[in-house]
file input17.txt (compact mmCIF, C-alpha atoms)
# COMPACT_ATOMS: atom_id res chain seq x y z
CA ASN A 689 -10.47 -7.42 -33.43
CA THR A 690 -13.43 -8.31 -31.28
CA TRP A 691 -14.31 -11.61 -29.72
CA THR A 692 -17.59 -13.29 -30.46
CA TRP A 693 -19.32 -14.85 -27.49
CA ARG A 694 -20.98 -18.03 -28.72
CA ARG A 695 -23.18 -19.88 -26.29
CA LYS A 696 -23.43 -23.56 -27.13
CA GLN A 697 -25.80 -26.11 -25.76
CA ASN A 698 -24.48 -29.46 -24.51
CA LEU A 699 -20.85 -28.34 -24.48
CA SER A 700 -18.46 -31.24 -24.28
CA TYR A 701 -15.47 -30.97 -21.98
CA PRO A 702 -12.34 -33.04 -21.58
CA SER A 703 -12.18 -35.68 -18.89
CA THR A 704 -12.23 -34.51 -15.28
CA HIS A 705 -8.43 -34.21 -15.27
CA THR A 706 -6.67 -32.33 -18.05
CA PRO A 707 -3.83 -34.44 -19.52
CA LYS A 708 -0.52 -33.57 -17.87
CA LYS A 709 1.06 -32.55 -21.14
CA MET A 710 -1.56 -29.79 -21.40
CA LYS A 711 -1.26 -28.55 -17.81
CA GLU A 712 1.79 -27.78 -15.74
CA GLU A 713 2.03 -26.52 -12.20
CA VAL A 714 3.85 -23.19 -12.00
CA SER A 715 4.78 -20.63 -9.37
CA PHE A 716 5.51 -16.92 -9.53
CA SER A 717 5.91 -13.92 -7.24
CA SER A 718 3.60 -10.98 -6.90
CA SER A 719 4.98 -7.79 -8.36
CA SER A 720 7.16 -5.58 -6.20
CA ALA A 721 6.49 -2.79 -8.73
CA SER A 722 2.91 -2.79 -7.44
CA ALA A 723 3.93 -2.83 -3.78
CA VAL A 724 1.38 -1.20 -1.50
CA GLU A 725 2.28 2.17 0.01
CA GLY A 726 2.87 1.92 3.75
CA GLN A 727 3.35 -1.85 3.68
CA THR A 728 6.63 -3.72 3.98
CA GLU A 729 7.66 -6.15 1.24
CA ASP A 730 7.07 -9.02 3.66
CA GLN A 731 3.46 -7.89 4.07
CA THR A 732 2.87 -7.19 0.39
CA LEU A 733 4.74 -9.83 -1.62
CA ALA A 734 3.52 -13.37 -2.05
CA ARG A 735 4.69 -16.55 -3.76
CA LEU A 736 1.77 -17.87 -5.75
CA SER A 737 1.14 -21.30 -7.20
CA GLY A 738 -1.12 -22.18 -10.10
CA ASP A 739 -1.70 -24.15 -13.29
CA LEU A 740 -0.62 -23.12 -16.77
CA TYR A 741 -2.73 -24.82 -19.44
CA LEU A 742 -0.93 -24.99 -22.78
CA PRO A 743 -2.33 -26.24 -26.12
CA SER A 744 -0.57 -29.35 -27.37
CA SER A 745 -1.47 -28.66 -31.01
CA THR A 746 1.32 -26.15 -31.59
CA THR A 747 4.76 -25.15 -30.33
CA ARG A 748 4.52 -21.54 -31.50
CA GLN A 749 3.82 -18.69 -29.14
CA VAL A 750 0.14 -18.32 -28.26
CA PRO A 751 -2.05 -15.75 -26.45
CA VAL A 752 -2.83 -16.37 -22.80
CA ILE A 753 -5.85 -15.69 -20.61
CA ILE A 754 -5.10 -15.08 -16.92
CA VAL A 755 -8.11 -15.91 -14.75
CA VAL A 756 -8.67 -13.59 -11.76
CA ALA A 757 -11.19 -15.13 -9.39
CA GLY A 758 -13.86 -13.45 -7.32
CA SER A 759 -13.81 -12.56 -3.63
CA GLY A 760 -13.19 -15.09 -0.91
CA PRO A 761 -10.65 -17.88 -0.40
CA ILE A 762 -10.72 -19.18 -3.97
CA ASP A 763 -8.21 -21.68 -5.34
CA ARG A 764 -6.87 -22.21 -8.87
CA ASP A 765 -9.94 -24.24 -9.88
CA GLY A 766 -12.36 -21.53 -8.77
CA ASN A 767 -13.33 -23.43 -5.61
CA ALA A 768 -13.56 -22.62 -1.92
CA LYS A 769 -13.29 -25.15 0.90
CA SER A 770 -17.01 -25.03 1.57
CA MET A 771 -18.15 -25.00 -2.06
CA SER A 772 -16.96 -26.24 -5.45
CA PHE A 773 -17.81 -23.76 -8.20
CA ASN A 774 -15.38 -25.24 -10.76
CA THR A 775 -15.34 -22.02 -12.77
CA SER A 776 -11.64 -21.50 -13.48
CA ASN A 777 -10.71 -25.11 -14.27
CA ARG A 778 -13.79 -25.68 -16.44
CA PHE A 779 -13.06 -22.51 -18.37
CA ALA A 780 -9.41 -23.49 -18.89
CA GLU A 781 -10.34 -27.01 -20.00
CA HIS A 782 -12.83 -25.62 -22.50
CA VAL A 783 -10.27 -23.22 -23.98
CA ILE A 784 -7.68 -26.00 -24.27
CA ALA A 785 -10.25 -28.34 -25.85
CA ARG A 786 -11.06 -25.69 -28.47
CA SER A 787 -7.35 -25.13 -29.04
CA SER A 788 -6.85 -28.85 -29.65
CA ASP A 789 -9.82 -28.96 -32.02
CA SER A 790 -8.40 -26.01 -33.99
CA GLU A 791 -5.22 -27.79 -35.07
CA GLY A 792 -4.18 -26.32 -38.39
CA GLN A 793 -6.31 -23.20 -37.86
CA GLU A 794 -3.65 -20.67 -36.95
CA GLY A 795 -4.67 -18.13 -34.34
CA ARG A 796 -7.22 -20.32 -32.53
CA GLU A 797 -4.83 -21.76 -29.92
CA CYS A 798 -4.69 -20.14 -26.50
CA ALA A 799 -3.12 -20.80 -23.09
CA VAL A 800 -4.77 -20.21 -19.70
CA LEU A 801 -3.24 -19.43 -16.29
CA THR A 802 -5.17 -20.02 -13.09
CA TYR A 803 -3.75 -19.69 -9.58
CA ASP A 804 -4.45 -20.11 -5.88
CA LYS A 805 -5.14 -16.73 -4.32
CA ARG A 806 -2.58 -15.56 -1.77
CA GLY A 807 -2.95 -17.49 1.49
CA ILE A 808 -4.94 -20.27 -0.20
CA GLY A 809 -3.86 -23.76 -1.25
CA LYS A 810 -0.22 -23.84 -2.31
CA SER A 811 -0.10 -20.03 -2.15
CA ALA A 812 -0.32 -20.19 1.65
CA LYS A 813 2.38 -18.46 3.69
CA HIS A 814 4.07 -20.63 6.29
CA GLY A 815 3.39 -19.38 9.80
CA ASP A 816 0.74 -16.82 8.83
CA LYS A 817 -2.81 -18.17 9.03
CA ASP A 818 -4.22 -14.72 8.33
CA PHE A 819 -2.20 -14.07 5.15
CA PHE A 820 -5.33 -14.26 2.98
CA TYR A 821 -7.34 -11.97 5.28
CA LYS A 822 -4.57 -9.33 5.46
CA ALA A 823 -4.65 -8.71 1.72
CA GLY A 824 -6.18 -5.51 0.42
CA VAL A 825 -7.24 -4.77 -3.15
CA TYR A 826 -3.80 -3.62 -4.22
CA GLU A 827 -2.09 -6.79 -3.01
CA LEU A 828 -4.51 -8.70 -5.22
CA VAL A 829 -3.61 -6.38 -8.10
CA ALA A 830 0.12 -6.94 -7.43
CA ASP A 831 -0.48 -10.69 -7.62
CA VAL A 832 -1.98 -10.38 -11.10
CA VAL A 833 0.85 -8.12 -12.26
CA GLY A 834 3.22 -10.86 -11.07
CA ALA A 835 1.24 -13.35 -13.16
CA VAL A 836 1.58 -11.08 -16.21
CA GLN A 837 5.32 -10.80 -15.61
CA PHE A 838 5.55 -14.59 -15.43
CA VAL A 839 3.64 -15.33 -18.64
CA SER A 840 5.39 -12.50 -20.48
CA SER A 841 8.72 -14.28 -19.94
CA HIS A 842 7.41 -17.75 -20.86
CA SER A 843 8.76 -19.16 -24.13
CA ARG A 844 5.33 -20.41 -25.26
CA ILE A 845 3.42 -17.18 -24.58
CA ASP A 846 3.01 -14.16 -26.85
CA ARG A 847 3.60 -11.29 -24.40
CA LYS A 848 1.75 -8.87 -26.70
CA ARG A 849 -1.48 -10.86 -26.45
CA VAL A 850 -2.14 -11.19 -22.72
CA VAL A 851 -5.84 -11.18 -21.80
CA ILE A 852 -7.16 -10.76 -18.24
CA LEU A 853 -10.42 -12.50 -17.34
CA GLY A 854 -11.98 -11.14 -14.17
CA HIS A 855 -14.88 -12.94 -12.54
CA SER A 856 -16.98 -11.11 -9.91
CA GLU A 857 -14.48 -9.11 -7.79
CA GLY A 858 -11.86 -9.97 -10.40
CA ALA A 859 -13.97 -7.98 -12.88
CA ILE A 860 -14.40 -5.08 -10.44
CA ILE A 861 -10.65 -4.62 -9.98
CA LEU A 862 -9.73 -5.39 -13.60
CA PRO A 863 -9.25 -1.70 -14.53
CA GLU A 864 -6.70 -1.29 -11.72
CA ILE A 865 -4.90 -4.39 -12.98
CA CYS A 866 -4.63 -2.90 -16.48
CA LYS A 867 -3.29 0.33 -15.02
CA ALA A 868 -0.73 -1.45 -12.81
CA VAL A 869 0.49 -3.64 -15.68
CA THR A 870 1.21 -0.59 -17.84
CA GLU A 871 2.87 1.27 -14.96
CA SER A 872 5.09 -1.76 -14.34
CA GLY A 873 6.64 -1.35 -17.79
CA LEU A 874 4.99 -4.45 -19.24
CA HIS A 875 3.25 -4.55 -22.59
CA PRO A 876 -0.31 -3.18 -22.17
CA ILE A 877 -3.06 -5.74 -21.71
CA PHE A 878 -4.46 -6.86 -25.07
CA GLY A 879 -7.94 -7.74 -23.88
CA ALA A 880 -10.18 -7.68 -20.81
CA ILE A 881 -13.01 -10.15 -20.17
CA PHE A 882 -15.48 -9.03 -17.52
CA LEU A 883 -17.67 -11.87 -16.20
CA ALA A 884 -20.36 -10.99 -13.63
CA GLY A 885 -18.93 -7.69 -12.42
CA PHE A 886 -18.65 -5.19 -15.27
CA GLY A 887 -19.47 -1.67 -14.07
CA GLU A 888 -20.10 -2.90 -10.54
CA ASP A 889 -18.49 -1.97 -7.20
CA LEU A 890 -18.48 -3.81 -3.88
CA SER A 891 -20.89 -1.49 -2.06
CA GLY A 892 -23.38 -1.68 -4.94
CA ALA A 893 -23.19 -5.47 -5.01
CA MET A 894 -23.69 -5.75 -1.23
CA LYS A 895 -26.64 -3.35 -1.36
CA LEU A 896 -28.23 -5.43 -4.14
CA GLN A 897 -27.82 -8.59 -2.08
CA ARG A 898 -29.49 -7.00 0.96
CA GLU A 899 -32.37 -5.86 -1.25
CA ASN A 900 -32.76 -9.36 -2.69
CA ILE A 901 -32.86 -10.83 0.82
CA LEU A 902 -35.61 -8.41 1.88
CA ARG A 903 -37.60 -9.05 -1.31
CA GLU A 904 -37.53 -12.82 -0.74
CA VAL A 905 -38.48 -12.42 2.93
CA LYS A 906 -41.46 -10.29 1.90
CA GLU A 907 -42.58 -12.95 -0.61
CA LYS A 908 -42.21 -15.85 1.83
CA THR A 909 -45.56 -17.31 2.91
CA GLY A 910 -46.80 -19.20 5.96
CA LEU A 911 -45.24 -19.38 9.41
CA THR A 912 -41.72 -19.32 7.98
CA GLY A 913 -42.46 -16.05 6.22
CA PHE A 914 -44.05 -14.57 9.33
CA LEU A 915 -41.03 -15.41 11.50
CA MET A 916 -38.51 -14.24 8.92
CA ARG A 917 -40.24 -10.88 8.58
CA ARG A 918 -39.96 -10.48 12.37
CA PHE A 919 -36.21 -11.06 12.46
CA VAL A 920 -34.89 -10.21 8.98
CA THR A 921 -35.69 -6.53 8.54
CA LYS A 922 -34.15 -3.68 6.59
CA ASP A 923 -33.11 -1.96 9.82
CA ARG A 924 -31.35 -5.06 11.12
CA LEU A 925 -29.51 -5.71 7.87
CA GLU A 926 -28.41 -2.09 7.66
CA LYS A 927 -27.27 -2.15 11.29
CA GLN A 928 -25.23 -5.32 10.73
CA TYR A 929 -23.52 -3.68 7.76
CA LYS A 930 -22.87 -0.40 9.60
CA ASP A 931 -21.52 -2.24 12.66
CA MET A 932 -19.12 -4.21 10.49
CA MET A 933 -17.93 -1.08 8.66
CA ALA A 934 -17.43 0.71 11.99
CA LYS A 935 -15.00 -2.03 12.98
CA VAL A 936 -13.35 -1.90 9.55
CA ASN A 937 -12.83 1.88 9.86
CA SER A 938 -11.86 1.98 13.53
CA ASP A 939 -8.97 4.25 14.56
CA ASP A 940 -6.42 1.44 14.75
CA ARG A 941 -7.01 0.60 11.04
CA PRO A 942 -6.89 -3.19 11.52
CA ASP A 943 -5.96 -5.57 8.71
CA VAL A 944 -8.39 -8.22 10.01
CA ILE A 945 -11.51 -8.05 12.19
CA SER A 946 -13.59 -10.73 13.89
CA MET A 947 -17.37 -10.93 13.78
CA TYR A 948 -20.02 -13.08 15.48
CA LEU A 949 -18.15 -13.66 18.76
CA GLY A 950 -14.88 -14.24 16.97
CA LEU A 951 -16.23 -17.05 14.79
CA VAL A 952 -15.86 -15.21 11.47
CA LYS A 953 -12.83 -13.28 10.21
CA GLN A 954 -13.24 -10.40 7.77
CA PRO A 955 -10.53 -8.69 5.67
CA ALA A 956 -10.76 -5.15 7.05
CA ARG A 957 -8.14 -3.51 4.82
CA TRP A 958 -9.77 -5.12 1.77
CA PHE A 959 -13.09 -3.53 2.73
CA ARG A 960 -11.43 -0.12 3.21
CA ASP A 961 -9.71 -0.37 -0.17
CA HIS A 962 -13.02 -1.14 -1.88
CA GLN A 963 -14.71 1.67 0.03
CA GLU A 964 -12.17 4.16 -1.36
CA TYR A 965 -11.97 2.63 -4.83
CA GLU A 966 -13.62 4.74 -7.55
CA ALA A 967 -14.62 1.77 -9.72
CA ARG A 968 -16.43 3.70 -12.46
CA MET A 969 -13.65 6.28 -12.76
CA SER A 970 -11.02 3.55 -12.99
CA LEU A 971 -13.09 1.74 -15.60
CA ALA A 972 -13.33 4.86 -17.77
CA ASN A 973 -9.69 5.88 -17.37
CA ASN A 974 -7.81 2.59 -17.50
CA ILE A 975 -9.54 0.34 -20.01
CA ARG A 976 -7.93 0.94 -23.40
CA CYS A 977 -7.95 -2.60 -24.76
CA HIS A 978 -10.47 -4.93 -26.42
CA VAL A 979 -13.37 -5.78 -24.09
CA LEU A 980 -15.88 -8.59 -23.68
CA ALA A 981 -18.41 -8.06 -20.87
CA VAL A 982 -20.99 -10.65 -19.81
CA THR A 983 -23.49 -10.69 -16.93
CA GLY A 984 -26.52 -12.89 -16.45
CA LYS A 985 -30.06 -11.67 -15.92
CA LYS A 986 -30.40 -14.27 -13.15
CA ASP A 987 -27.35 -13.13 -11.25
CA VAL A 988 -28.56 -12.17 -7.76
CA GLN A 989 -25.11 -11.01 -6.58
CA VAL A 990 -24.23 -8.15 -8.96
CA ARG A 991 -26.06 -5.59 -11.04
CA SER A 992 -25.88 -5.82 -14.82
CA PHE A 993 -24.50 -3.01 -16.96
CA CYS A 994 -23.88 -5.25 -19.97
CA GLN A 995 -26.22 -3.54 -22.40
CA GLN A 996 -24.09 -2.58 -25.42
CA GLU A 997 -25.02 1.12 -25.29
CA VAL A 998 -24.38 1.37 -21.54
CA ALA A 999 -21.06 -0.45 -21.81
CA ALA A 1000 -19.91 1.96 -24.52
CA THR A 1001 -20.47 4.94 -22.20
CA LEU A 1002 -18.62 3.30 -19.30
CA ILE A 1003 -15.45 2.48 -21.27
CA PRO A 1004 -15.12 5.24 -23.87
CA SER A 1005 -11.43 4.49 -24.60
CA ALA A 1006 -11.76 0.75 -25.22
CA LYS A 1007 -10.43 -0.47 -28.58
CA SER A 1008 -13.57 -2.57 -29.08
CA ILE A 1009 -16.54 -3.54 -26.93
CA GLU A 1010 -18.81 -6.54 -26.98
CA ALA A 1011 -21.38 -6.72 -24.16
CA HIS A 1012 -23.99 -9.41 -23.47
CA GLU A 1013 -26.71 -9.78 -20.85
CA LEU A 1014 -27.60 -13.47 -20.96
CA GLU A 1015 -31.13 -14.54 -20.17
CA ASN A 1016 -30.75 -17.37 -17.63
CA LEU A 1017 -27.10 -17.01 -16.58
CA THR A 1018 -26.25 -16.94 -12.85
CA HIS A 1019 -23.21 -15.66 -10.98
CA VAL A 1020 -21.41 -19.02 -11.29
CA LEU A 1021 -21.69 -18.89 -15.10
CA ARG A 1022 -24.35 -21.56 -15.46
CA SER A 1023 -27.99 -21.14 -16.38
CA ILE A 1024 -30.93 -21.87 -14.12
CA GLU A 1025 -34.60 -22.38 -14.89
CA GLY A 1026 -37.11 -20.47 -12.84
CA GLU A 1027 -36.51 -17.62 -10.43
CA PRO A 1028 -33.13 -17.60 -8.65
CA LYS A 1029 -33.36 -17.29 -4.87
CA ILE A 1030 -30.63 -15.91 -2.64
CA PHE A 1031 -31.79 -18.13 0.26
CA SER A 1032 -31.22 -21.26 -1.83
CA ILE A 1033 -28.07 -19.96 -3.47
CA LYS A 1034 -25.67 -22.37 -1.75
CA LYS A 1035 -27.72 -25.42 -2.71
CA ASP A 1036 -28.10 -24.15 -6.28
CA TYR A 1037 -24.39 -23.39 -6.63
CA VAL A 1038 -23.35 -26.81 -5.33
CA LYS A 1039 -25.59 -28.42 -7.95
CA MET A 1040 -24.43 -26.13 -10.75
CA GLY A 1041 -20.78 -26.61 -9.83
CA LYS A 1042 -21.03 -30.17 -11.17
CA SER A 1043 -22.25 -28.99 -14.58
CA PRO A 1044 -20.37 -27.52 -17.55
CA LEU A 1045 -20.14 -23.76 -17.91
CA ASP A 1046 -22.60 -22.18 -20.33

call {"tool": "encode", "arguments": {"input": "input17.txt", "output": "structure tokens"}}
result
Amino acid sequence: NTWTWRRKQNLSYPSTHTPKKMKEEVSFSSSSASAVEGQTEDQTLARLSGDLYLPSSTTRQVPVIIVVAGSGPIDRDGNAKSMSFNTSNRFAEHVIARSSDSEGQEGRECAVLTYDKRGIGKSAKHGDKDFFYKAGVYELVADVVGAVQFVSSHSRIDRKRVVILGHSEGAIILPEICKAVTESGLHPIFGAIFLAGFGEDLSGAMKLQRENILREVKEKTGLTGFLMRRFVTKDRLEKQYKDMMAKVNSDDRPDVISMYLGLVKQPARWFRDHQEYEARMSLANNIRCHVLAVTGKKDVQVRSFCQQEVAATLIPSAKSIEAHELENLTHVLRSIEGEPKIFSIKKDYVKMGKSPLD
């Protein structure tokens, strides 16, 4: 009853576009059963659009993996406007390719659901440009519960074998998703896949990123290093963070704040929700399914708790646990040679986004 994580070299993927018969555009509503206390339905509920990938090799009911993306304005393919990560679509295409190759091997077929986050792509809300930024953690959870409700009623999906895959923030909030699904009266989640976020919380991830910035500044040589050490200091980074959190926690409890002279919007309620979220407690209390947890040793955005012994202590009620800390894996689920650098992360991610997943 466990999954085996097999890393393959030179993985082959389908063509850039999955055949239409394997992928259909779908829409569903976020769950009203997970409505956020103190928020009206108009604020909480969303109509979401995504892609349901179905294996063509069988007409029987199959398990499904629902992909929950990381933080930021991420679409159904795992991409943002400024950067193409191609995590969700590449994963779905790989699963469907394996399902097609397994024709005649009962139990190998699997469906995948990916979706545009609320306020993004075809999940945008007419007349509300800030719909994405107004969402807190529990709106995101309600969206996933809505996805589970949708697949559970689909004629091709086995509602007893729904798996949630959380990447980055999706992994951090995965325990709350499992809890909300059960409380909504749906069949409990069969399996949870944590990619680059198992055991992590937002404050820990942000602290790690600040530490990585300071480490790289210290190592920088020449005039560039000299100037960076003058302007990028621990005190300045800490002050920037504290100033932002002061705005987030101001008396008027805003949904959205502006930073850098109004040039950058930040989701204030989302930050408050993460600040109050007891990630480790939720992980221990709410994960009662089969678990696969994977983090890369070259991930500069989250800490790794994917040692098998550590994972077992964090999720004592899991039905089964398989944890892996992969040698060269980065946050975008591709490997990199050499030392990963947070200052070159955008350039590296753009390059890796064109490659297959590990």

call {"tool": "atom_distance", "arguments": {"input": "input17.txt", "atom1": "CA of Ser720 (chain A)", "atom2": "CA of Asp939 (chain A)"}}
result
28.1 Å

call {"tool": "residues_near_point", "arguments": {"input": "input17.txt", "point": "(-24.5, -22.2, -7.0)", "cutoff": "7 Å", "atoms": "all atoms listed in the file", "output": "VMD selection string"}}
result
chain A and resid 773 1020 1033 to 1041

call {"tool": "closest_residue", "arguments": {"input": "input17.txt", "among": "A:Val869, A:Val800, A:Ile1024, A:Ala967", "to": "Gly892 (chain A)", "atoms": "all atoms listed in the file"}}
result
A:Ala967

call {"tool": "closest_residue", "arguments": {"input": "input17.txt", "among": "A:Arg924, A:Arg903, A:Lys822, A:Lys908", "to": "Lys953 (chain A)", "atoms": "all atoms listed in the file"}}
result
A:Lys822

call {"tool": "residues_around", "arguments": {"input": "input17.txt", "residues": "Leu742 (chain A)", "least_positions_apart": "4", "cutoff": "12 Å", "atoms": "all atoms listed in the file", "output": "PyMOL selection string"}}
result
chain A and resi 706-714+746-753+780-788+797-802+839+842-845

call {"tool": "atom_distance", "arguments": {"input": "input17.txt", "atom1": "CA of Tyr948 (chain A)", "atom2": "CA of Val920 (chain A)"}}
result
16.5 Å

call {"tool": "residues_around", "arguments": {"input": "input17.txt", "residues": "region 864-866 of chain A", "least_positions_apart": "5", "cutoff": "7 Å", "atoms": "all atoms listed in the file", "output": "ChimeraX atom specification"}}
result
/A:829,832-833,877,970,974-975

call {"tool": "write_last_selection", "arguments": {"input": "input17.txt", "atoms": "C-alpha atoms", "output": "PDB file, in the frame of the given file"}}
result
ATOM      1  CA  VAL A 829      -3.610  -6.380  -8.100  1.00  0.00           C
ATOM      2  CA  VAL A 832      -1.980 -10.380 -11.100  1.00  0.00           C
ATOM      3  CA  VAL A 833       0.850  -8.120 -12.260  1.00  0.00           C
ATOM      4  CA  ILE A 877      -3.060  -5.740 -21.710  1.00  0.00           C
ATOM      5  CA  SER A 970     -11.020   3.550 -12.990  1.00  0.00           C
ATOM      6  CA  ASN A 974      -7.810   2.590 -17.500  1.00  0.00           C
ATOM      7  CA  ILE A 975      -9.540   0.340 -20.010  1.00  0.00           C
TER       8      ILE A 975
END
